$ cat final_34.txt   # compact mmCIF, N, CA and C atoms
# COMPACT_ATOMS: atom_id res chain seq x y z
N MET Z 1 18.31 32.16 28.33
CA MET Z 1 16.87 31.95 28.36
C MET Z 1 16.56 30.46 28.54
N THR Z 2 17.37 29.59 27.93
CA THR Z 2 17.15 28.16 28.05
C THR Z 2 17.36 27.70 29.48
N GLY Z 3 18.37 28.26 30.16
CA GLY Z 3 18.63 27.92 31.56
C GLY Z 3 17.46 28.30 32.45
N PHE Z 4 16.85 29.45 32.17
CA PHE Z 4 15.70 29.90 32.95
C PHE Z 4 14.54 28.91 32.81
N ARG Z 5 14.29 28.46 31.57
CA ARG Z 5 13.20 27.49 31.35
C ARG Z 5 13.46 26.19 32.10
N TYR Z 6 14.71 25.76 32.08
CA TYR Z 6 15.08 24.52 32.77
C TYR Z 6 14.76 24.63 34.26
N PHE Z 7 15.20 25.72 34.89
CA PHE Z 7 14.95 25.87 36.31
C PHE Z 7 13.48 26.11 36.62
N LEU Z 8 12.76 26.74 35.71
CA LEU Z 8 11.34 26.94 35.89
C LEU Z 8 10.61 25.59 35.91
N VAL Z 9 10.92 24.72 34.94
CA VAL Z 9 10.29 23.40 34.88
C VAL Z 9 10.68 22.57 36.10
N LEU Z 10 11.96 22.63 36.48
CA LEU Z 10 12.43 21.89 37.64
C LEU Z 10 11.71 22.36 38.92
N GLY Z 11 11.51 23.67 39.05
CA GLY Z 11 10.81 24.21 40.20
C GLY Z 11 9.35 23.79 40.23
N MET Z 12 8.71 23.78 39.07
CA MET Z 12 7.31 23.36 39.01
C MET Z 12 7.18 21.89 39.38
N PHE Z 13 8.11 21.06 38.93
CA PHE Z 13 8.10 19.65 39.27
C PHE Z 13 8.25 19.45 40.78
N ALA Z 14 9.17 20.20 41.40
CA ALA Z 14 9.39 20.11 42.85
C ALA Z 14 8.14 20.54 43.61
N ALA Z 15 7.44 21.56 43.11
CA ALA Z 15 6.22 22.04 43.77
C ALA Z 15 5.13 20.98 43.71
N VAL Z 16 5.02 20.30 42.58
CA VAL Z 16 3.99 19.26 42.44
C VAL Z 16 4.29 18.11 43.39
N VAL Z 17 5.55 17.69 43.46
CA VAL Z 17 5.94 16.59 44.35
C VAL Z 17 5.68 16.98 45.81
N ALA Z 18 5.97 18.22 46.19
CA ALA Z 18 5.76 18.66 47.57
C ALA Z 18 4.28 18.76 47.90
N ALA Z 19 3.45 19.10 46.91
CA ALA Z 19 2.03 19.27 47.15
C ALA Z 19 1.32 17.92 47.34
N PHE Z 20 1.87 16.88 46.77
CA PHE Z 20 1.26 15.55 46.86
C PHE Z 20 2.24 14.59 47.53
N PRO Z 21 2.23 14.56 48.85
CA PRO Z 21 3.21 13.73 49.56
C PRO Z 21 3.02 12.24 49.30
N GLY Z 22 1.85 11.82 48.91
CA GLY Z 22 1.61 10.39 48.65
C GLY Z 22 2.42 9.86 47.48
N CYS Z 23 2.74 10.71 46.54
CA CYS Z 23 3.46 10.23 45.37
C CYS Z 23 4.93 9.97 45.67
N GLN Z 24 5.42 10.48 46.80
CA GLN Z 24 6.81 10.24 47.16
C GLN Z 24 7.01 8.83 47.72
N LYS Z 25 5.98 8.29 48.37
CA LYS Z 25 6.14 7.03 49.09
C LYS Z 25 5.77 5.80 48.26
N GLN Z 26 5.17 6.00 47.11
CA GLN Z 26 4.76 4.85 46.30
C GLN Z 26 5.96 4.23 45.61
N ARG Z 27 5.98 2.93 45.66
CA ARG Z 27 7.04 2.20 44.97
C ARG Z 27 6.39 1.21 44.01
N VAL Z 28 7.01 1.05 42.90
CA VAL Z 28 6.49 0.13 41.89
C VAL Z 28 7.26 -1.17 42.01
N GLN Z 29 6.52 -2.24 42.16
CA GLN Z 29 7.17 -3.54 42.22
C GLN Z 29 7.28 -4.10 40.80
N VAL Z 30 8.47 -4.49 40.44
CA VAL Z 30 8.73 -5.00 39.09
C VAL Z 30 9.13 -6.46 39.21
N GLN Z 31 8.49 -7.30 38.40
CA GLN Z 31 8.84 -8.70 38.39
C GLN Z 31 10.16 -8.90 37.66
N ALA Z 32 10.87 -9.87 38.06
CA ALA Z 32 12.10 -10.21 37.35
C ALA Z 32 11.73 -10.75 35.97
N ALA Z 33 12.57 -10.49 35.01
CA ALA Z 33 12.29 -10.90 33.64
C ALA Z 33 12.14 -12.41 33.51
N SER Z 34 12.80 -13.18 34.37
CA SER Z 34 12.72 -14.64 34.28
C SER Z 34 11.37 -15.18 34.74
N GLU Z 35 10.59 -14.40 35.48
CA GLU Z 35 9.30 -14.84 35.97
C GLU Z 35 8.17 -14.59 34.98
N ILE Z 36 8.39 -13.80 33.96
CA ILE Z 36 7.35 -13.44 33.01
C ILE Z 36 7.29 -14.47 31.90
N GLU Z 37 6.06 -14.91 31.57
CA GLU Z 37 5.87 -15.85 30.47
C GLU Z 37 5.01 -15.19 29.40
N TYR Z 38 5.39 -15.40 28.16
CA TYR Z 38 4.65 -14.87 27.03
C TYR Z 38 4.18 -16.01 26.16
N GLU Z 39 3.02 -15.86 25.58
CA GLU Z 39 2.53 -16.82 24.59
C GLU Z 39 2.62 -16.13 23.24
N VAL Z 40 3.33 -16.73 22.32
CA VAL Z 40 3.53 -16.14 21.00
C VAL Z 40 2.50 -16.72 20.05
N LEU Z 41 1.74 -15.84 19.42
CA LEU Z 41 0.72 -16.25 18.47
C LEU Z 41 1.15 -15.88 17.07
N SER Z 42 0.78 -16.68 16.11
CA SER Z 42 1.14 -16.41 14.72
C SER Z 42 0.08 -15.50 14.09
N PRO Z 43 0.50 -14.46 13.39
CA PRO Z 43 -0.47 -13.58 12.73
C PRO Z 43 -1.00 -14.16 11.41
N TRP Z 44 -0.45 -15.29 10.99
CA TRP Z 44 -0.84 -15.89 9.71
C TRP Z 44 -2.07 -16.76 9.90
N ALA Z 45 -2.96 -16.66 8.96
CA ALA Z 45 -4.18 -17.46 8.99
C ALA Z 45 -3.91 -18.82 8.35
N GLU Z 46 -4.76 -19.76 8.64
CA GLU Z 46 -4.69 -21.05 7.96
C GLU Z 46 -5.26 -20.85 6.55
N VAL Z 47 -4.51 -21.23 5.54
CA VAL Z 47 -4.95 -21.01 4.16
C VAL Z 47 -4.84 -22.30 3.36
N ASP Z 48 -5.51 -22.31 2.24
CA ASP Z 48 -5.40 -23.44 1.33
C ASP Z 48 -4.00 -23.49 0.74
N PRO Z 49 -3.45 -24.68 0.59
CA PRO Z 49 -2.09 -24.78 0.04
C PRO Z 49 -2.07 -24.56 -1.48
N ILE Z 50 -1.98 -23.32 -1.88
CA ILE Z 50 -1.90 -22.97 -3.30
C ILE Z 50 -0.43 -22.76 -3.63
N PRO Z 51 0.07 -23.44 -4.64
CA PRO Z 51 1.50 -23.27 -4.95
C PRO Z 51 1.81 -21.85 -5.40
N LEU Z 52 2.94 -21.33 -4.93
CA LEU Z 52 3.35 -19.98 -5.29
C LEU Z 52 3.96 -19.99 -6.69
N ARG Z 53 3.79 -18.87 -7.38
CA ARG Z 53 4.43 -18.73 -8.69
C ARG Z 53 5.02 -17.33 -8.76
N GLY Z 54 6.12 -17.22 -9.46
CA GLY Z 54 6.80 -15.94 -9.55
C GLY Z 54 6.08 -14.99 -10.49
N ILE Z 55 6.54 -13.75 -10.50
CA ILE Z 55 5.97 -12.77 -11.41
C ILE Z 55 6.43 -13.09 -12.83
N SER Z 56 5.73 -12.59 -13.79
CA SER Z 56 6.09 -12.80 -15.18
C SER Z 56 7.43 -12.14 -15.47
N SER Z 57 8.17 -12.74 -16.38
CA SER Z 57 9.46 -12.15 -16.73
C SER Z 57 9.24 -10.85 -17.50
N ARG Z 58 10.20 -9.97 -17.43
CA ARG Z 58 10.10 -8.68 -18.12
C ARG Z 58 10.33 -8.87 -19.61
N ILE Z 59 9.63 -8.07 -20.39
CA ILE Z 59 9.84 -8.13 -21.84
C ILE Z 59 10.98 -7.19 -22.21
N ASP Z 60 11.69 -7.52 -23.28
CA ASP Z 60 12.86 -6.73 -23.68
C ASP Z 60 12.48 -5.36 -24.22
N SER Z 61 11.41 -5.32 -25.01
CA SER Z 61 11.00 -4.06 -25.64
C SER Z 61 9.49 -4.06 -25.83
N LEU Z 62 8.92 -2.90 -25.94
CA LEU Z 62 7.49 -2.80 -26.21
C LEU Z 62 7.18 -2.81 -27.71
N GLU Z 63 8.20 -2.74 -28.52
CA GLU Z 63 8.02 -2.73 -29.98
C GLU Z 63 7.40 -4.06 -30.42
N GLY Z 64 6.31 -3.95 -31.17
CA GLY Z 64 5.64 -5.12 -31.71
C GLY Z 64 4.79 -5.88 -30.71
N LYS Z 65 4.61 -5.34 -29.53
CA LYS Z 65 3.86 -6.02 -28.47
C LYS Z 65 2.45 -5.46 -28.36
N LYS Z 66 1.57 -6.27 -27.78
CA LYS Z 66 0.22 -5.83 -27.45
C LYS Z 66 0.26 -5.34 -26.00
N ILE Z 67 0.02 -4.05 -25.81
CA ILE Z 67 0.14 -3.42 -24.50
C ILE Z 67 -1.26 -3.03 -24.01
N GLY Z 68 -1.60 -3.53 -22.84
CA GLY Z 68 -2.88 -3.17 -22.25
C GLY Z 68 -2.70 -2.01 -21.29
N ILE Z 69 -3.64 -1.09 -21.33
CA ILE Z 69 -3.64 0.04 -20.39
C ILE Z 69 -4.91 -0.09 -19.55
N PHE Z 70 -4.73 -0.39 -18.27
CA PHE Z 70 -5.85 -0.55 -17.35
C PHE Z 70 -6.05 0.75 -16.59
N ALA Z 71 -7.18 1.40 -16.81
CA ALA Z 71 -7.50 2.67 -16.14
C ALA Z 71 -8.53 2.40 -15.05
N ASN Z 72 -8.22 2.81 -13.84
CA ASN Z 72 -9.18 2.58 -12.76
C ASN Z 72 -10.32 3.60 -12.82
N TYR Z 73 -11.20 3.57 -11.84
CA TYR Z 73 -12.43 4.35 -11.85
C TYR Z 73 -12.25 5.85 -11.57
N LYS Z 74 -11.09 6.26 -11.13
CA LYS Z 74 -10.92 7.66 -10.71
C LYS Z 74 -10.94 8.62 -11.90
N ARG Z 75 -11.31 9.85 -11.62
CA ARG Z 75 -11.60 10.85 -12.65
C ARG Z 75 -10.46 11.08 -13.63
N ALA Z 76 -9.25 11.14 -13.15
CA ALA Z 76 -8.12 11.47 -14.01
C ALA Z 76 -7.54 10.25 -14.75
N ALA Z 77 -8.01 9.06 -14.43
CA ALA Z 77 -7.42 7.85 -15.02
C ALA Z 77 -7.59 7.80 -16.53
N LEU Z 78 -8.78 8.10 -17.04
CA LEU Z 78 -8.99 8.02 -18.50
C LEU Z 78 -8.19 9.07 -19.28
N PRO Z 79 -8.15 10.34 -18.85
CA PRO Z 79 -7.29 11.28 -19.58
C PRO Z 79 -5.81 10.89 -19.55
N ILE Z 80 -5.33 10.38 -18.41
CA ILE Z 80 -3.94 9.93 -18.33
C ILE Z 80 -3.73 8.74 -19.26
N ALA Z 81 -4.65 7.81 -19.26
CA ALA Z 81 -4.53 6.62 -20.12
C ALA Z 81 -4.54 7.01 -21.59
N GLY Z 82 -5.38 7.97 -21.97
CA GLY Z 82 -5.42 8.44 -23.36
C GLY Z 82 -4.10 9.07 -23.79
N ALA Z 83 -3.53 9.90 -22.92
CA ALA Z 83 -2.25 10.53 -23.22
C ALA Z 83 -1.14 9.48 -23.29
N LEU Z 84 -1.17 8.51 -22.40
CA LEU Z 84 -0.18 7.43 -22.40
C LEU Z 84 -0.31 6.59 -23.67
N GLN Z 85 -1.52 6.32 -24.07
CA GLN Z 85 -1.76 5.54 -25.29
C GLN Z 85 -1.19 6.24 -26.52
N LYS Z 86 -1.42 7.53 -26.64
CA LYS Z 86 -0.86 8.29 -27.77
C LYS Z 86 0.66 8.28 -27.74
N ARG Z 87 1.23 8.44 -26.55
CA ARG Z 87 2.69 8.47 -26.41
C ARG Z 87 3.31 7.12 -26.77
N LEU Z 88 2.69 6.03 -26.32
CA LEU Z 88 3.21 4.70 -26.63
C LEU Z 88 3.13 4.40 -28.13
N GLU Z 89 2.03 4.81 -28.75
CA GLU Z 89 1.88 4.59 -30.20
C GLU Z 89 2.92 5.40 -30.98
N ALA Z 90 3.30 6.57 -30.47
CA ALA Z 90 4.33 7.38 -31.14
C ALA Z 90 5.72 6.78 -30.93
N LEU Z 91 5.99 6.28 -29.71
CA LEU Z 91 7.31 5.71 -29.42
C LEU Z 91 7.52 4.33 -30.03
N TYR Z 92 6.46 3.54 -30.08
CA TYR Z 92 6.54 2.17 -30.59
C TYR Z 92 5.45 1.97 -31.65
N PRO Z 93 5.68 2.43 -32.87
CA PRO Z 93 4.64 2.37 -33.90
C PRO Z 93 4.21 0.94 -34.25
N GLY Z 94 5.06 -0.03 -34.01
CA GLY Z 94 4.70 -1.42 -34.32
C GLY Z 94 3.90 -2.10 -33.23
N SER Z 95 3.70 -1.43 -32.13
CA SER Z 95 2.95 -2.03 -31.02
C SER Z 95 1.47 -1.67 -31.12
N GLU Z 96 0.69 -2.38 -30.36
CA GLU Z 96 -0.76 -2.16 -30.34
C GLU Z 96 -1.18 -1.94 -28.89
N THR Z 97 -1.97 -0.91 -28.64
CA THR Z 97 -2.44 -0.63 -27.27
C THR Z 97 -3.94 -0.87 -27.19
N LYS Z 98 -4.35 -1.43 -26.07
CA LYS Z 98 -5.77 -1.68 -25.83
C LYS Z 98 -6.11 -1.19 -24.44
N LEU Z 99 -7.13 -0.38 -24.36
CA LEU Z 99 -7.54 0.25 -23.10
C LEU Z 99 -8.67 -0.55 -22.45
N PHE Z 100 -8.58 -0.70 -21.13
CA PHE Z 100 -9.67 -1.29 -20.35
C PHE Z 100 -9.97 -0.34 -19.21
N HIS Z 101 -11.22 0.08 -19.11
CA HIS Z 101 -11.63 1.03 -18.06
C HIS Z 101 -12.46 0.31 -17.02
N SER Z 102 -12.02 0.38 -15.78
CA SER Z 102 -12.75 -0.20 -14.66
C SER Z 102 -13.63 0.88 -14.05
N SER Z 103 -14.92 0.64 -14.02
CA SER Z 103 -15.83 1.66 -13.49
C SER Z 103 -16.31 1.38 -12.08
N GLU Z 104 -15.96 0.23 -11.54
CA GLU Z 104 -16.39 -0.13 -10.18
C GLU Z 104 -15.43 0.46 -9.15
N TRP Z 105 -15.97 0.93 -8.05
CA TRP Z 105 -15.16 1.52 -6.99
C TRP Z 105 -14.70 0.46 -6.01
N ASN Z 106 -13.41 0.45 -5.71
CA ASN Z 106 -12.81 -0.37 -4.64
C ASN Z 106 -13.16 -1.86 -4.72
N VAL Z 107 -13.24 -2.37 -5.94
CA VAL Z 107 -13.53 -3.78 -6.16
C VAL Z 107 -12.57 -4.27 -7.22
N THR Z 108 -11.99 -5.45 -7.02
CA THR Z 108 -11.13 -6.00 -8.06
C THR Z 108 -12.00 -6.36 -9.26
N GLU Z 109 -11.43 -6.22 -10.43
CA GLU Z 109 -12.21 -6.40 -11.66
C GLU Z 109 -12.77 -7.81 -11.78
N ILE Z 110 -12.12 -8.78 -11.19
CA ILE Z 110 -12.58 -10.17 -11.24
C ILE Z 110 -13.92 -10.33 -10.52
N GLU Z 111 -14.23 -9.43 -9.58
CA GLU Z 111 -15.47 -9.51 -8.81
C GLU Z 111 -16.63 -8.73 -9.43
N THR Z 112 -16.43 -8.14 -10.59
CA THR Z 112 -17.47 -7.33 -11.21
C THR Z 112 -18.19 -8.12 -12.31
N ASP Z 113 -19.19 -7.49 -12.90
CA ASP Z 113 -19.92 -8.10 -14.01
C ASP Z 113 -19.07 -8.18 -15.28
N ASP Z 114 -18.00 -7.38 -15.34
CA ASP Z 114 -17.11 -7.38 -16.51
C ASP Z 114 -15.99 -8.41 -16.41
N ARG Z 115 -16.16 -9.38 -15.54
CA ARG Z 115 -15.10 -10.38 -15.30
C ARG Z 115 -14.67 -11.07 -16.58
N ASP Z 116 -15.61 -11.60 -17.34
CA ASP Z 116 -15.27 -12.33 -18.57
C ASP Z 116 -14.59 -11.43 -19.59
N LYS Z 117 -15.08 -10.21 -19.71
CA LYS Z 117 -14.47 -9.24 -20.62
C LYS Z 117 -13.03 -8.93 -20.20
N PHE Z 118 -12.81 -8.79 -18.90
CA PHE Z 118 -11.48 -8.50 -18.37
C PHE Z 118 -10.52 -9.66 -18.61
N VAL Z 119 -10.96 -10.89 -18.34
CA VAL Z 119 -10.12 -12.07 -18.53
C VAL Z 119 -9.74 -12.22 -19.99
N ALA Z 120 -10.68 -12.02 -20.90
CA ALA Z 120 -10.39 -12.10 -22.34
C ALA Z 120 -9.40 -11.01 -22.75
N TRP Z 121 -9.54 -9.81 -22.20
CA TRP Z 121 -8.63 -8.70 -22.50
C TRP Z 121 -7.21 -9.03 -22.06
N VAL Z 122 -7.06 -9.57 -20.86
CA VAL Z 122 -5.73 -9.89 -20.33
C VAL Z 122 -5.05 -10.98 -21.15
N LYS Z 123 -5.80 -11.98 -21.56
CA LYS Z 123 -5.22 -13.11 -22.28
C LYS Z 123 -4.60 -12.73 -23.61
N GLU Z 124 -5.04 -11.64 -24.22
CA GLU Z 124 -4.52 -11.27 -25.54
C GLU Z 124 -3.36 -10.26 -25.46
N LEU Z 125 -2.84 -9.99 -24.25
CA LEU Z 125 -1.82 -8.97 -24.08
C LEU Z 125 -0.45 -9.55 -23.76
N ASP Z 126 0.60 -8.78 -24.09
CA ASP Z 126 1.96 -9.12 -23.71
C ASP Z 126 2.39 -8.38 -22.45
N ALA Z 127 1.83 -7.21 -22.21
CA ALA Z 127 2.18 -6.39 -21.05
C ALA Z 127 0.99 -5.52 -20.67
N VAL Z 128 0.94 -5.13 -19.41
CA VAL Z 128 -0.16 -4.27 -18.92
C VAL Z 128 0.44 -3.13 -18.11
N ILE Z 129 -0.11 -1.94 -18.32
CA ILE Z 129 0.26 -0.75 -17.55
C ILE Z 129 -0.99 -0.32 -16.78
N LEU Z 130 -0.84 -0.13 -15.49
CA LEU Z 130 -1.95 0.30 -14.64
C LEU Z 130 -1.92 1.81 -14.49
N VAL Z 131 -3.06 2.44 -14.71
CA VAL Z 131 -3.19 3.89 -14.55
C VAL Z 131 -4.15 4.15 -13.39
N VAL Z 132 -3.64 4.82 -12.34
CA VAL Z 132 -4.46 5.21 -11.20
C VAL Z 132 -4.66 6.72 -11.30
N GLY Z 133 -5.89 7.16 -11.30
CA GLY Z 133 -6.19 8.56 -11.56
C GLY Z 133 -6.11 9.48 -10.36
N ASP Z 134 -5.05 9.41 -9.58
CA ASP Z 134 -4.87 10.32 -8.45
C ASP Z 134 -4.00 11.49 -8.84
$ encode --input "final_34.txt" --output "structure tokens"
Amino acid sequence: MTGFRYFLVLGMFAAVVAAFPGCQKQRVQVQAASEIEYEVLSPWAEVDPIPLRGISSRIDSLEGKKIGIFANYKRAALPIAGALQKRLEALYPGSETKLFHSSEWNVTEIETDDRDKFVAWVKELDAVILVVGD
């Protein structure tokens, strides 16, 4: 059956070429690769020279630490954060968890009216867990 399809397609191609004689005589002229010039543009924008800094080092254990749970605006984020908070308190009884709920859609928390509250919340924590309610 596969051989039949092959010859059927080949026959259809031959019929199309025979029906349009102009397509047989056209030739495409190709420039030699040495004649082509390209201009390379950088995708990077000009930015202010802000020194880079690495990510914070990992903590050894969550025991005795202040753990922040950041829940985004999506519907399932708060129930997930609540369950995570209970689980962390059970696993690490000496730790303290603090929840922050972001209610703004598609905006970083620094750009909202809760900016000062968010900055104060972050400063008092040892670690943060992000909860996305998808």
$ atom_distance --input "final_34.txt" --atom1 "atom CA of Z:Pro93" --atom2 "atom C of Z:Val132"
24.8 Å
$ residues_near_point --input "final_34.txt" --point "(6.7, -9.9, -15.8)" --cutoff "10 Å" --atoms "only C-alpha atoms" --output "list in words"
Gly54, Ile55, Ser56, Ser57, Arg58, Ile59, Asp126, Ala127 and Val128 of chain Z
$ residues_around --input "final_34.txt" --residues "Z:Gly133" --least-positions-apart "5" --cutoff "5 Å" --atoms "all atoms listed in the file" --output "list in words"
Lys74, Ala76 and Ala77 of chain Z
$ write_last_selection --input "final_34.txt" --atoms "N, CA and C atoms" --output "mmCIF file, in the frame of the given file"
data_model
loop_
_atom_site.group_PDB
_atom_site.id
_atom_site.type_symbol
_atom_site.label_atom_id
_atom_site.label_comp_id
_atom_site.auth_asym_id
_atom_site.auth_seq_id
_atom_site.Cartn_x
_atom_site.Cartn_y
_atom_site.Cartn_z
ATOM 1 N N LYS Z 74 -11.090 6.260 -11.130
ATOM 2 C CA LYS Z 74 -10.920 7.660 -10.710
ATOM 3 C C LYS Z 74 -10.940 8.620 -11.900
ATOM 4 N N ALA Z 76 -9.250 11.140 -13.150
ATOM 5 C CA ALA Z 76 -8.120 11.470 -14.010
ATOM 6 C C ALA Z 76 -7.540 10.250 -14.750
ATOM 7 N N ALA Z 77 -8.010 9.060 -14.430
ATOM 8 C CA ALA Z 77 -7.420 7.850 -15.020
ATOM 9 C C ALA Z 77 -7.590 7.800 -16.530
#
$ residues_near_point --input "final_34.txt" --point "(-6.9, -7.0, -24.8)" --cutoff "10 Å" --atoms "only C-alpha atoms" --output "list of chain:residue names"
Z:Lys66, Z:Ile67, Z:Gly68, Z:Ile69, Z:Phe70, Z:Glu96, Z:Thr97, Z:Lys98, Z:Leu99, Z:Phe100, Z:Lys117, Z:Phe118, Z:Val119, Z:Ala120, Z:Trp121, Z:Val122, Z:Lys123, Z:Glu124, Z:Leu125, Z:Asp126, Z:Ala127, Z:Val128
$ atom_distance --input "final_34.txt" --atom1 "atom C of Z:Pro79" --atom2 "atom N of Z:Asp60"
25.7 Å
$ atom_distance --input "final_34.txt" --atom1 "atom N of Z:Glu104" --atom2 "atom CA of Z:Asn72"
7.3 Å
